[in-house]
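Student: Have a look at the structure that comes next, please.
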Amino acid sequence: MTLREQQLERADRRGATVPARHDTSHFGRSGPDELVPSRYALRVGEIDVMVVSDGVLSLPGAMLGHNADPAVRAAWLKDMFLPPDAFDWALNVVVVRSGGRTILIDAGLGFDPDLHLPRAGQLIKRLEAAGIDLESLTDVVLTHMHMDHIGGLLVDGVKDRLRPDLRIHVAAAEVEFWASPDFSRTVMPSPIPDVLRSTAQRFLNEYRGRLRLFDEQHEVAPGVVVSRTGGHTPGHSVVRLASGGERLTFAGDAVFPVSFDHPEWHNGFEHDPEEAINVRFKLFRELAATGELLVATHLSFPSVGRVAVAGNAFRFVPAYWDY
């Protein structure tokens with residue numbers, strides 16, 4: 001008997017009901033247990049949401065704020081009890097179910113293209129552990145086309161398991177950018193720029209026929225809207241969920257862990273750093289005003305929380321795990 005069946009049996013004996021707010025059974029069969037949880041499920045009104053960890057990326061700490069005074073950046077890392085020379089970036093994706101559609105938002109790193117990132121690229125097996133079949137996906141939304149957001153779709157055998165009518169939603173400006181990408185304003189160690197370029201080109205070669213391009217905004221399913229922000233990349237987008245008076249925004253790479261204390265710091269992956277700052281400030285002010293939930297790719301798993309104003313900056317208020 002499964003845990004869920006045991007809960008239902010006990011509830012039936014008490015004449016009670018089992019709350020379904022964080023019931024992951026909506027997503028499919030139970031998968032194998034893991035020592036460390038790699039998924040977190042919640043509901044936004046009538047929309048089912050699951051945050052899934054693709055692992056972590058270990059990158060130079062300087063990439064968190066390459067325009068910052070090195071001493072100030074080092075002090076921030078020390079205050080956070082983090083090492084001075086490297087930072088483990090969480091790598092989160094989201095699965096959403098709304099209106100009969102099952103939507104994967106971003107696809108993780110997928111494979112390690114000679115970058116020595118062995119702790120990332122866990123998405124496919126973790127989807128399986130969550131009982132989510134690749135065949136059940138009706139849509140994929142890409143916040144942008146950096147390798148850690150599209151690589152999961154390039155894992156051997158994945159494309160053959162996806163349904164032939166799968167729709168991949170991405171901003172037209174993003175596809176246009178990667179036809180001839182400009183890295184002149186990024187600060188990334190070698191060979192990352194070359195790998196970003198080659199991975200994006202491979203993705204376009206394999207999936208161009210399934211792309212559904214939008215200019216500024218597109219509703220993917222009831223209450224699931226993707227909107228272009230630009231900044232991080234020209235076509236970078238966020239995904240907003242709204243149902244039953246509840247809201248959640250998946251911010252992709254508009255937000256990093258240091259962004260709350262220092263939204264003005266340039267991230268090394270940002271192709272237009274000044275515009276990325278504008279996007280961050282606008283998004284933070286909006287989220288602080290609405291009180292809605294925030295999830296972002298590189299916030300520590302499960303990344304679910306809210307934004308509050310803290311003087312001239314902001315603070316992240318993690319949601320309590322409701323289990």
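A note on labels: chains of the structure tokens are A, B, ... as shown, every chain counts residues from 1, and ligands are counted from 1 in their shown order.
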So that I can check the surroundings of range 268-281 of chain A, please list as JSON, numbers by chain every protein, DNA and RNA residue that reaches within 6 Å of it, counting only C-alpha atoms and ignoring chain neighbours fewer than 3 positions away.
Tutor: {"A": [63, 185, 186, 187, 188, 231, 232, 233, 254, 264, 284]}
Student: If you run DSSP on the backbone here, which positions in range 40-90 of chain A get helix (DSSP H, G or I)? Please write them as number ranges by chain.
Tutor: A: 61-64, 70-79
Student: Find the spatial neighbours of range 95-111 of chain A, counting only C-alpha atoms, within a cut-off of 8 Å - ignore same-chain residues fewer than 2 positions away - and output them as a compact mmCIF listing (two decimals) with C-alpha atoms, in the first residue's frame.
Tutor:
# COMPACT_ATOMS: atom_id res chain seq x y z
CA PHE A 27 1.60 14.33 -12.07
CA GLU A 46 -6.32 25.18 -9.85
CA ILE A 47 -2.86 24.95 -11.43
CA ASP A 48 -0.58 22.12 -10.33
CA VAL A 49 3.08 23.13 -10.00
CA MET A 50 6.18 21.07 -9.32
CA VAL A 51 9.68 22.48 -8.91
CA VAL A 52 12.30 19.91 -9.92
CA ASP A 54 18.39 19.52 -12.14
CA LEU A 91 19.42 24.68 -11.22
CA ASN A 92 15.62 24.45 -11.04
CA VAL A 93 12.96 23.70 -13.64
CA PRO A 113 29.60 19.23 -22.73
CA ALA A 120 23.92 18.99 -12.87
CA GLY A 121 21.98 17.34 -15.67
CA GLN A 122 19.73 15.28 -13.38
CA LEU A 123 16.38 16.35 -14.84
CA ILE A 124 15.36 13.29 -16.87
CA SER A 136 2.98 13.28 -21.18
CA LEU A 137 4.53 16.68 -21.91
CA THR A 138 2.38 18.76 -24.25
CA ASP A 139 4.46 21.94 -24.11
CA VAL A 140 7.91 23.23 -23.23
CA VAL A 141 8.49 26.89 -22.38
CA LEU A 142 12.05 28.19 -22.60
CA THR A 143 12.90 31.30 -20.59
CA MET A 147 22.72 25.62 -22.29
CA ASP A 148 21.49 25.06 -18.72
CA HIS A 149 17.92 25.73 -19.88
CA ILE A 150 17.78 23.65 -23.07
CA GLY A 151 20.32 20.84 -22.59
CA GLY A 152 17.85 18.33 -21.15
CA LEU A 153 16.13 18.16 -24.53
CA LEU A 154 19.43 17.15 -26.14
CA VAL A 155 20.08 14.09 -23.98
CA ALA A 221 -2.52 27.27 -21.19
CA PRO A 222 -5.26 28.69 -18.96
CA GLY A 223 -3.52 30.96 -16.45
CA VAL A 224 -0.04 30.24 -17.83
Student: Using only C-alpha atoms, determine which residues lie at most 12 Å from range 303-310 of chain A, disregarding the query and same-chain residues fewer than 5 positions distant; provide the list as an MDAnalysis selection string.
Tutor: chainID A and resid 38:43 49:53 89:94 247:252 255:257 259:263 280:281 283:298 315:322
Student: Provide the CA of Tyr323 in chain A to CA of Val239 in chain A distance in Å, to one decimal place.
Tutor: 25.5 Å
